[in-house]
$ cat query-v9.cif   # mmCIF, C-alpha atoms
data_upload
#
loop_
_atom_site.label_atom_id
_atom_site.label_comp_id
_atom_site.auth_asym_id
_atom_site.auth_seq_id
_atom_site.Cartn_x
_atom_site.Cartn_y
_atom_site.Cartn_z
CA MET A 16 -7.99 21.66 -4.54
CA ASP A 17 -5.48 22.09 -7.35
CA GLN A 18 -6.06 19.51 -10.04
CA ARG A 19 -3.98 18.28 -12.93
CA GLY A 20 -4.45 15.60 -15.53
CA ILE A 21 -2.45 12.40 -15.73
CA GLY A 22 -2.32 10.18 -18.80
CA ILE A 23 -3.27 6.56 -18.05
CA GLY A 24 -2.25 3.60 -20.18
CA ILE A 25 -3.90 0.23 -19.60
CA LEU A 26 -2.53 -3.03 -20.94
CA GLY A 27 -5.31 -5.57 -21.34
CA GLY A 28 -8.87 -4.76 -22.25
CA GLY A 29 -10.80 -7.77 -20.97
CA TYR A 30 -12.42 -8.36 -17.57
CA MET A 31 -9.89 -6.47 -15.46
CA GLY A 32 -8.94 -4.03 -18.20
CA LYS A 33 -12.54 -2.87 -18.31
CA ALA A 34 -12.75 -2.66 -14.50
CA HIS A 35 -9.65 -0.45 -14.33
CA SER A 36 -10.85 1.69 -17.23
CA VAL A 37 -14.19 2.34 -15.54
CA ALA A 38 -12.43 3.04 -12.24
CA MET A 39 -10.05 5.58 -13.75
CA ALA A 40 -12.94 7.29 -15.53
CA ALA A 41 -14.91 7.59 -12.27
CA VAL A 42 -12.34 8.04 -9.49
CA GLY A 43 -11.94 11.80 -9.87
CA ALA A 44 -15.65 12.41 -9.40
CA VAL A 45 -16.05 9.89 -6.57
CA PHE A 46 -13.07 10.97 -4.46
CA GLU A 47 -12.36 14.45 -5.91
CA THR A 48 -8.73 13.45 -6.45
CA ALA A 49 -6.06 16.06 -7.12
CA LEU A 50 -4.85 13.95 -10.06
CA ARG A 51 -7.55 13.55 -12.71
CA PRO A 52 -6.97 10.52 -14.95
CA ARG A 53 -7.01 10.97 -18.70
CA LEU A 54 -7.70 7.73 -20.57
CA GLU A 55 -4.79 8.07 -22.96
CA MET A 56 -4.14 4.65 -24.49
CA ILE A 57 -5.27 1.03 -24.25
CA CYS A 58 -3.51 -2.06 -25.55
CA SER A 59 -4.89 -5.49 -26.38
CA SER A 60 -3.70 -8.52 -28.32
CA SER A 61 -4.80 -7.33 -31.76
CA ALA A 62 -5.45 -4.09 -33.58
CA GLU A 63 -9.15 -4.95 -33.87
CA THR A 64 -9.75 -5.68 -30.20
CA SER A 65 -7.65 -2.70 -29.12
CA GLU A 66 -9.75 -0.36 -31.24
CA ARG A 67 -12.96 -1.94 -29.95
CA TYR A 68 -11.88 -1.40 -26.35
CA ARG A 69 -10.80 2.16 -27.15
CA ARG A 70 -14.27 3.03 -28.41
CA ALA A 71 -16.07 1.17 -25.62
CA TYR A 72 -14.09 2.60 -22.71
CA GLY A 73 -13.38 6.09 -24.03
CA PHE A 74 -9.61 6.06 -24.58
CA ALA A 75 -7.99 8.59 -26.87
CA ARG A 76 -5.85 6.03 -28.68
CA ALA A 77 -5.26 2.29 -29.03
CA THR A 78 -2.38 0.00 -29.92
CA HIS A 79 -1.68 -3.72 -29.95
CA ASP A 80 2.05 -3.17 -29.23
CA TRP A 81 2.58 -2.96 -25.46
CA ARG A 82 5.98 -1.34 -25.91
CA ALA A 83 4.41 1.49 -27.90
CA LEU A 84 2.05 2.18 -25.00
CA VAL A 85 4.78 2.07 -22.35
CA ASP A 86 7.10 4.29 -24.42
CA ASP A 87 4.45 6.89 -25.28
CA ARG A 88 5.22 10.26 -23.64
CA SER A 89 1.55 11.04 -23.04
CA VAL A 90 1.17 7.85 -20.97
CA GLU A 91 2.35 8.86 -17.50
CA ALA A 92 1.15 5.87 -15.43
CA ILE A 93 0.74 2.21 -16.35
CA ILE A 94 -1.86 -0.36 -15.33
CA ILE A 95 -0.98 -3.97 -16.15
CA ALA A 96 -3.99 -6.26 -16.65
CA THR A 97 -2.43 -8.78 -19.03
CA PRO A 98 -1.68 -12.50 -18.53
CA GLN A 99 0.90 -13.03 -15.77
CA VAL A 100 3.66 -14.13 -18.13
CA MET A 101 3.83 -10.56 -19.48
CA HIS A 102 3.88 -8.69 -16.18
CA ARG A 103 7.63 -8.67 -15.59
CA ASP A 104 8.68 -7.39 -19.02
CA ILE A 105 6.07 -4.62 -19.00
CA ALA A 106 6.84 -3.52 -15.44
CA GLU A 107 10.60 -3.43 -16.01
CA ALA A 108 10.15 -1.37 -19.18
CA ALA A 109 7.86 1.09 -17.40
CA PHE A 110 10.17 1.47 -14.41
CA ALA A 111 13.12 2.06 -16.73
CA LEU A 112 11.23 5.14 -17.96
CA GLY A 113 10.32 6.25 -14.44
CA LYS A 114 6.61 5.53 -14.83
CA PRO A 115 4.41 4.40 -11.88
CA VAL A 116 2.86 0.93 -12.21
CA LEU A 117 -0.28 -0.71 -10.83
CA CYS A 118 -0.06 -4.44 -11.56
CA GLU A 119 -2.75 -7.07 -11.33
CA LYS A 120 -2.06 -10.09 -9.14
CA PRO A 121 -0.18 -12.31 -9.13
CA MET A 122 2.76 -10.01 -9.83
CA GLY A 123 4.50 -12.43 -12.15
CA ALA A 124 4.45 -15.96 -13.43
CA SER A 125 7.00 -17.04 -10.81
CA LEU A 126 8.71 -15.99 -7.59
CA GLU A 127 11.75 -15.07 -9.70
CA ASP A 128 9.59 -12.68 -11.72
CA ALA A 129 8.21 -11.07 -8.56
CA GLU A 130 11.70 -10.59 -7.09
CA ALA A 131 12.93 -8.98 -10.31
CA MET A 132 9.91 -6.66 -10.42
CA VAL A 133 10.50 -5.49 -6.84
CA ALA A 134 14.16 -4.83 -7.63
CA ALA A 135 13.19 -2.80 -10.69
CA ALA A 136 10.53 -0.84 -8.80
CA GLU A 137 12.82 0.04 -5.92
CA ALA A 138 15.74 0.91 -8.19
CA ALA A 139 13.47 3.31 -10.11
CA GLY A 140 12.04 4.80 -6.91
CA VAL A 141 8.62 5.35 -8.44
CA PRO A 142 5.15 4.48 -7.05
CA ASN A 143 4.12 0.84 -7.45
CA MET A 144 1.11 -1.15 -6.29
CA VAL A 145 -0.34 -4.63 -6.63
CA ALA A 146 -4.07 -4.81 -7.34
CA PHE A 147 -5.50 -6.64 -4.34
CA ASN A 148 -8.99 -5.17 -4.40
CA TYR A 149 -11.14 -7.39 -2.16
CA ILE A 150 -9.40 -6.30 1.04
CA ARG A 151 -10.51 -2.74 0.20
CA THR A 152 -14.22 -3.25 0.86
CA PRO A 153 -15.47 -0.97 3.65
CA ALA A 154 -16.25 -4.07 5.74
CA SER A 155 -12.76 -5.56 5.45
CA GLN A 156 -11.12 -2.19 6.03
CA PHE A 157 -13.21 -1.91 9.20
CA ALA A 158 -12.15 -5.43 10.23
CA ARG A 159 -8.51 -4.39 9.88
CA GLN A 160 -9.17 -1.40 12.13
CA LEU A 161 -10.87 -3.55 14.77
CA VAL A 162 -7.97 -6.03 14.87
CA LYS A 163 -5.32 -3.31 14.90
CA LYS A 164 -7.00 -1.47 17.79
CA GLY A 165 -7.23 -4.68 19.82
CA GLU A 166 -11.02 -4.68 19.87
CA ILE A 167 -11.12 -8.50 19.81
CA GLY A 168 -8.03 -8.90 21.99
CA ALA A 169 -4.97 -10.90 21.00
CA VAL A 170 -5.61 -12.91 17.83
CA THR A 171 -5.28 -16.65 18.40
CA TRP A 172 -6.71 -18.16 15.20
CA PHE A 173 -7.47 -17.28 11.57
CA ARG A 174 -9.41 -19.21 8.97
CA GLY A 175 -9.59 -17.98 5.39
CA GLU A 176 -10.81 -19.27 2.06
CA HIS A 177 -11.05 -18.16 -1.53
CA THR A 178 -13.40 -20.59 -3.20
CA GLU A 179 -15.27 -20.41 -6.49
CA ASP A 180 -16.93 -22.97 -8.77
CA PHE A 181 -16.13 -21.83 -12.32
CA TYR A 182 -14.34 -25.18 -12.92
CA ALA A 183 -16.52 -27.41 -10.74
CA ASP A 184 -17.99 -29.15 -13.79
CA PRO A 185 -15.49 -31.84 -14.96
CA GLN A 186 -16.80 -31.36 -18.50
CA MET A 187 -15.84 -27.69 -18.60
CA PRO A 188 -13.37 -27.50 -21.52
CA ALA A 189 -9.66 -26.91 -21.02
CA SER A 190 -8.47 -23.34 -21.59
CA TRP A 191 -5.58 -21.02 -20.76
CA ARG A 192 -6.75 -21.26 -17.13
CA THR A 193 -5.88 -24.97 -17.02
CA SER A 194 -2.32 -24.52 -18.28
CA GLY A 195 0.65 -23.35 -16.20
CA MET A 196 0.87 -22.99 -12.41
CA ALA A 197 0.51 -19.20 -12.59
CA ASN A 198 -3.03 -19.70 -13.90
CA GLY A 199 -4.02 -22.40 -11.40
CA THR A 200 -5.76 -21.92 -8.08
CA MET A 201 -2.52 -21.14 -6.22
CA GLY A 202 -1.68 -18.48 -8.79
CA ASP A 203 -5.16 -17.10 -9.37
CA LEU A 204 -7.27 -17.32 -6.20
CA ALA A 205 -4.89 -18.07 -3.32
CA PRO A 206 -3.00 -14.73 -3.52
CA HIS A 207 -6.15 -12.79 -2.60
CA MET A 208 -6.75 -14.65 0.67
CA ILE A 209 -3.06 -14.85 1.54
CA ASN A 210 -2.92 -11.08 1.10
CA ALA A 211 -5.94 -10.75 3.39
CA ALA A 212 -4.28 -12.93 6.04
CA LEU A 213 -1.10 -10.86 5.94
CA ALA A 214 -3.12 -7.63 6.13
CA LEU A 215 -5.37 -8.76 8.97
CA ILE A 216 -3.03 -10.88 11.09
CA GLY A 217 0.55 -10.22 9.95
CA PRO A 218 3.47 -12.21 8.50
CA ILE A 219 3.33 -16.00 8.18
CA SER A 220 6.39 -17.72 9.63
CA SER A 221 5.80 -21.34 8.58
CA LEU A 222 3.27 -23.52 6.79
CA VAL A 223 2.38 -26.95 5.50
CA ALA A 224 0.19 -27.36 2.43
CA GLU A 225 -1.38 -29.81 0.03
CA VAL A 226 -1.99 -28.74 -3.57
CA GLU A 227 -3.86 -30.99 -5.97
CA THR A 228 -5.36 -31.34 -9.42
CA VAL A 229 -8.72 -33.09 -9.11
CA HIS A 230 -9.67 -33.14 -12.80
CA SER A 231 -6.45 -33.89 -14.69
CA GLU A 232 -8.18 -34.18 -18.05
CA ARG A 233 -10.84 -31.96 -19.56
CA PRO A 234 -12.44 -31.82 -22.99
CA GLY A 235 -9.81 -30.40 -25.29
CA GLY A 236 -6.67 -31.15 -23.28
CA ASN A 237 -4.81 -32.12 -20.14
CA VAL A 238 -4.77 -29.94 -17.03
CA THR A 239 -1.28 -28.85 -15.95
CA ASN A 240 -2.13 -26.81 -12.87
CA ASP A 241 -4.04 -27.13 -9.59
CA ASP A 242 -7.76 -27.17 -8.79
CA GLN A 243 -7.65 -26.81 -5.02
CA ALA A 244 -5.31 -26.54 -2.04
CA GLN A 245 -5.33 -26.47 1.74
CA MET A 246 -2.81 -24.94 4.08
CA MET A 247 -2.08 -24.81 7.80
CA CYS A 248 0.18 -22.01 8.97
CA ARG A 249 1.69 -20.30 11.97
CA PHE A 250 1.79 -16.51 12.03
CA ALA A 251 4.76 -14.59 13.39
CA ASN A 252 2.61 -13.27 16.25
CA GLY A 253 1.92 -16.85 17.36
CA ALA A 254 -1.61 -17.19 15.97
CA MET A 255 -2.62 -20.44 14.27
CA GLY A 256 -4.08 -20.34 10.78
CA GLN A 257 -5.81 -22.45 8.16
CA MET A 258 -6.67 -21.57 4.54
CA HIS A 259 -8.45 -23.28 1.68
CA PHE A 260 -8.47 -22.34 -2.01
CA SER A 261 -10.55 -23.87 -4.78
CA ARG A 262 -11.92 -23.25 -8.27
CA ILE A 263 -14.08 -26.40 -8.04
CA ALA A 264 -16.06 -25.51 -4.89
CA THR A 265 -19.55 -26.29 -6.20
CA GLY A 266 -22.00 -23.55 -5.23
CA ARG A 267 -19.40 -20.98 -4.21
CA LYS A 268 -19.38 -17.92 -6.46
CA MET A 269 -17.22 -15.45 -4.53
CA GLY A 270 -16.13 -17.38 -1.46
CA TYR A 271 -13.61 -14.87 -0.17
CA ALA A 272 -14.33 -15.43 3.51
CA TYR A 273 -12.49 -15.32 6.82
CA GLU A 274 -12.93 -15.80 10.55
CA ILE A 275 -10.69 -14.23 13.18
CA THR A 276 -10.73 -15.41 16.80
CA GLY A 277 -9.31 -13.25 19.56
CA THR A 278 -9.16 -13.37 23.34
CA LYS A 279 -11.93 -10.75 23.68
CA GLY A 280 -14.04 -11.37 20.58
CA ALA A 281 -14.26 -12.62 17.02
CA ILE A 282 -14.97 -11.44 13.46
CA ARG A 283 -16.60 -13.17 10.49
CA PHE A 284 -16.82 -11.97 6.87
CA ASP A 285 -17.95 -13.41 3.54
CA GLN A 286 -17.56 -11.53 0.24
CA GLU A 287 -20.83 -12.99 -1.04
CA ASP A 288 -22.39 -10.65 1.54
CA GLN A 289 -19.74 -7.99 1.23
CA ASN A 290 -21.65 -5.18 2.93
CA ALA A 291 -21.90 -6.97 6.27
CA LEU A 292 -19.39 -7.78 8.98
CA TRP A 293 -20.19 -10.07 11.91
CA LEU A 294 -18.64 -9.04 15.24
CA TYR A 295 -18.70 -10.87 18.58
CA ARG A 296 -17.61 -9.18 21.81
CA SER A 297 -17.01 -11.06 25.05
CA GLU A 298 -18.86 -8.57 27.20
CA GLY A 299 -22.20 -8.21 28.96
CA PRO A 300 -24.38 -11.01 30.36
CA GLU A 301 -23.70 -14.42 28.79
CA ALA A 302 -27.38 -14.79 27.90
CA GLU A 303 -27.19 -11.66 25.72
CA ARG A 304 -23.98 -12.40 23.89
CA GLY A 305 -23.86 -13.30 20.22
CA PHE A 306 -22.52 -12.23 16.85
CA THR A 307 -23.85 -8.83 15.74
CA LYS A 308 -24.39 -8.18 12.04
CA ILE A 309 -22.94 -4.77 11.20
CA LEU A 310 -24.19 -3.29 7.93
CA THR A 311 -21.64 -1.00 6.29
CA GLY A 312 -22.52 2.67 6.01
CA PRO A 313 -21.07 6.20 5.87
CA THR A 314 -19.16 5.74 9.15
CA HIS A 315 -17.05 2.93 7.66
CA PRO A 316 -13.92 3.47 5.53
CA ASP A 317 -14.42 4.70 1.94
CA TYR A 318 -18.21 4.21 1.96
CA LEU A 319 -19.57 7.77 2.14
CA GLN A 320 -18.05 8.82 -1.18
CA PHE A 321 -20.26 6.25 -2.92
CA CYS A 322 -23.48 6.49 -0.92
CA GLN A 323 -24.95 8.48 1.98
CA GLY A 324 -27.34 5.73 3.04
CA PRO A 325 -26.31 3.04 5.56
CA GLY A 326 -27.00 -0.48 4.37
CA HIS A 327 -27.34 0.53 0.71
CA GLY A 328 -23.97 -1.07 0.04
CA THR A 329 -21.01 -0.88 -2.30
CA GLY A 330 -20.12 -3.31 -5.06
CA TYR A 331 -17.20 -4.95 -6.83
CA GLN A 332 -16.49 -2.02 -9.16
CA ASP A 333 -16.31 0.31 -6.18
CA GLN A 334 -13.38 -1.69 -4.79
CA ILE A 335 -11.47 -0.97 -8.00
CA ILE A 336 -12.31 2.74 -7.73
CA ILE A 337 -10.93 2.78 -4.17
CA GLU A 338 -7.83 1.07 -5.53
CA ALA A 339 -7.52 3.71 -8.26
CA ARG A 340 -7.71 6.45 -5.61
CA ASP A 341 -4.89 4.81 -3.68
CA PHE A 342 -2.71 4.54 -6.80
CA LEU A 343 -3.26 8.20 -7.67
CA GLU A 344 -2.49 9.18 -4.08
CA ALA A 345 0.82 7.30 -4.24
CA ILE A 346 1.71 9.14 -7.44
CA GLU A 347 0.65 12.53 -6.09
CA THR A 348 2.46 12.26 -2.75
CA GLY A 349 5.40 10.09 -3.82
CA LYS A 350 4.79 7.98 -0.72
CA PRO A 351 4.22 4.20 -0.84
CA VAL A 352 0.61 3.09 -0.54
CA TRP A 353 -0.11 -0.50 0.55
CA PRO A 354 0.18 -2.99 -1.04
CA THR A 355 3.40 -2.18 -2.86
CA PHE A 356 5.32 -4.61 -5.06
CA ARG A 357 7.27 -5.67 -1.97
CA ASP A 358 3.99 -6.52 -0.24
CA GLY A 359 3.03 -8.49 -3.35
CA LEU A 360 6.34 -10.33 -3.13
CA ASP A 361 5.47 -11.40 0.42
CA VAL A 362 2.34 -13.06 -0.99
CA GLN A 363 4.34 -14.78 -3.75
CA ARG A 364 6.75 -16.17 -1.17
CA VAL A 365 3.89 -17.77 0.74
CA VAL A 366 2.49 -19.23 -2.49
CA GLN A 367 5.87 -20.67 -3.42
CA ALA A 368 6.38 -22.11 0.07
CA ALA A 369 2.96 -23.80 -0.13
CA ILE A 370 3.76 -25.37 -3.50
CA GLU A 371 7.14 -26.58 -2.20
CA SER A 372 5.50 -27.94 0.96
CA SER A 373 3.06 -29.94 -1.10
CA ARG A 374 5.85 -31.28 -3.30
CA THR A 375 8.04 -32.35 -0.37
CA ARG A 376 5.21 -33.08 2.09
CA THR A 377 7.05 -31.07 4.78
CA TRP A 378 6.60 -27.89 6.79
CA GLN A 379 8.28 -24.89 5.18
CA ASP A 380 9.62 -21.67 6.68
CA VAL A 381 8.52 -18.55 4.83
#
$ encode --input "query-v9.cif" --output "structure tokens"
Amino acid sequence: MDQRGIGIGILGGGYMGKAHSVAMAAVGAVFETALRPRLEMICSSSAETSERYRRAYGFARATHDWRALVDDRSVEAIIIATPQVMHRDIAEAAFALGKPVLCEKPMGASLEDAEAMVAAAEAAGVPNMVAFNYIRTPASQFARQLVKKGEIGAVTWFRGEHTEDFYADPQMPASWRTSGMANGTMGDLAPHMINAALALIGPISSLVAEVETVHSERPGGNVTNDDQAQMMCRFANGAMGQMHFSRIATGRKMGYAYEITGTKGAIRFDQEDQNALWLYRSEGPEAERGFTKILTGPTHPDYLQFCQGPGHGTGYQDQIIIEARDFLEAIETGKPVWPTFRDGLDVQRVVQAAIESSRTRTWQDV
């Protein structure tokens, strides 16, 4: 395979900045990609933190000026892992220079931002992706295959949740996470499960939702965004759906979970046990029917490159490496790889419809 280097610039060096840095450093070896990432430049909020991340992650250079990174000729592809309020400006600047962009979710701080980013991406005609990583686990990729092939029949019902408990304690101090709707549960957690629903079942045609702030005051300040939400929806294919999102779900650490009911079977998945998928088939004697626990292994999508042993499992970082492979593939081939910015916009539209439904206490068309 012919190989060539590609200069990667990452904006943001924290939790996701590190994850993307590690993924870009490893993806060539894991998937033997034709494009081999070169960690060219990293940008953080100050010169000190930028230099610290440069040394820690192995970048050639560092800056605390995001425009300097985007404008740099050696930076050929951009990864945005900054706060949401910065996503639009960075993406538009990168697209103006014809540079591919992988952007963390949510795409922007508002639906208007997301629409502008899609327009810029499509006008530039360059590869673009939104970083929805959880749907890339081998188990969830396999679930998508089962549904698409009709293995559980026609889908009649979907239940999904993204629930965590990092703000379950009412005495947890206020922070940037408690300010602005883009940082609330509908901006932070809900997009992941909405993306999963769209990927597994298809477009949502209408919904009704309730969004609420449970703890309106915390030590250090008032809370201006939401703690939890619930949503009923109708999919375009006729299936009924229900979703729940929460950052105050005591005991839930990574509650990205879904159930899919079909006319010939059903599927269950929970990210806290991400290497297992539960499958029910309506076949055989009734006395022998039941959910079967399927452990992921080399026969499932994107597993073998990490491990040759069934049941050994993949982890969170591996999802980001799979994502990195997809981004590089989009750049190499020039063909869109799901989920593009337009796919991310579909998620933002559902989020906005849910917020509007809660405000007006009415069903909303999406």
$ closest_residue --input "query-v9.cif" --among "A:Trp378, A:Trp293, A:Trp353, A:Phe306" --to "A:Asp341" --atoms "only C-alpha atoms"
A:Trp353
$ residues_around --input "query-v9.cif" --residues "stretch 188-200 of chain A" --least-positions-apart "2" --cutoff "7 Å" --atoms "all atoms listed in the file" --output "list of chain:residue names"
A:Gln99, A:Ala124, A:Gln186, A:Gly202, A:Asp203, A:Leu204, A:Ala205, A:Arg233, A:Pro234, A:Gly235, A:Gly236, A:Val238, A:Thr239, A:Asn240, A:Asp241, A:Asp242, A:Gln243, A:Phe260, A:Ser261, A:Arg262
$ closest_residue --input "query-v9.cif" --among "A:Ala77, A:Leu26, A:Ala211, A:Ile57" --to "A:Pro354" --atoms "all atoms listed in the file"
A:Ala211
$ residues_around --input "query-v9.cif" --residues "stretch 171-181 of chain A" --least-positions-apart "2" --cutoff "8 Å" --atoms "only C-alpha atoms" --output "PyMOL selection string"
chain A and resi 169+183-184+204-205+207-208+212+216+253-278
$ closest_residue --input "query-v9.cif" --among "A:Met56, A:Ala38, A:Ala224, A:Val100" --to "A:Thr375" --atoms "only C-alpha atoms"
A:Ala224
$ atom_distance --input "query-v9.cif" --atom1 "atom CA of A:Ile336" --atom2 "atom CA of A:Glu287"
19.1 Å
$ residues_around --input "query-v9.cif" --residues "stretch 146-155 of chain A" --least-positions-apart "4" --cutoff "7 Å" --atoms "only C-alpha atoms" --output "ChimeraX atom specification"
/A:117-120,159,207,211,289-292,311,315-318,334-335,338
$ resolve_selection --input "query-v9.cif" --expression "the PyMOL selection byres ((chain A and resi 61) around 12)" --output "number ranges by chain"
A: 26-28, 57-60, 62-68, 77-81
$ atom_distance --input "query-v9.cif" --atom1 "atom CA of A:Ala71" --atom2 "atom CA of A:Ser36"
9.9 Å
$ closest_residue --input "query-v9.cif" --among "A:Met246, A:Phe284, A:Leu126, A:Glu107" --to "A:Ile209" --atoms "all atoms listed in the file"
A:Met246
$ residues_near_point --input "query-v9.cif" --point "(14.5, 2.4, -8.7)" --cutoff "12 Å" --atoms "all atoms listed in the file" --output "JSON, numbers by chain"
{"A": [106, 107, 108, 109, 110, 111, 112, 113, 114, 115, 131, 132, 133, 134, 135, 136, 137, 138, 139, 140, 141, 142, 143]}
$ axis_aligned_box --input "query-v9.cif" --around "stretch 313-331 of chain A" --padding-each-side "8 Å" --output "JSON"
{"center_x": -20.6, "center_y": 1.9, "center_z": 1.2, "size_x": 29.4, "size_y": 29.8, "size_z": 32.0}
$ closest_residue --input "query-v9.cif" --among "A:Ala40, A:Leu294, A:Ala34, A:Ile219" --to "A:Met247" --atoms "all atoms listed in the file"
A:Ile219
$ closest_residue --input "query-v9.cif" --among "A:Val381, A:Leu319, A:Ile337, A:Val366" --to "A:Gly43" --atoms "all atoms listed in the file"
A:Ile337
$ residues_around --input "query-v9.cif" --residues "A:Tyr72" --least-positions-apart "2" --cutoff "8 Å" --atoms "all atoms listed in the file" --output "PyMOL selection string"
chain A and resi 33+36-37+68-70+74
$ resolve_selection --input "query-v9.cif" --expression "the PyMOL selection byres ((chain A and resi 22) around 9)" --output "number ranges by chain"
A: 20-21, 23-24, 51-56, 88-93
$ atom_distance --input "query-v9.cif" --atom1 "atom CA of A:Ile25" --atom2 "atom CA of A:Ala41"
15.1 Å
$ residues_near_point --input "query-v9.cif" --point "(1.4, -13.0, 2.1)" --cutoff "6 Å" --atoms "only C-alpha atoms" --output "JSON, numbers by chain"
{"A": [209, 210, 213, 361, 362, 365]}
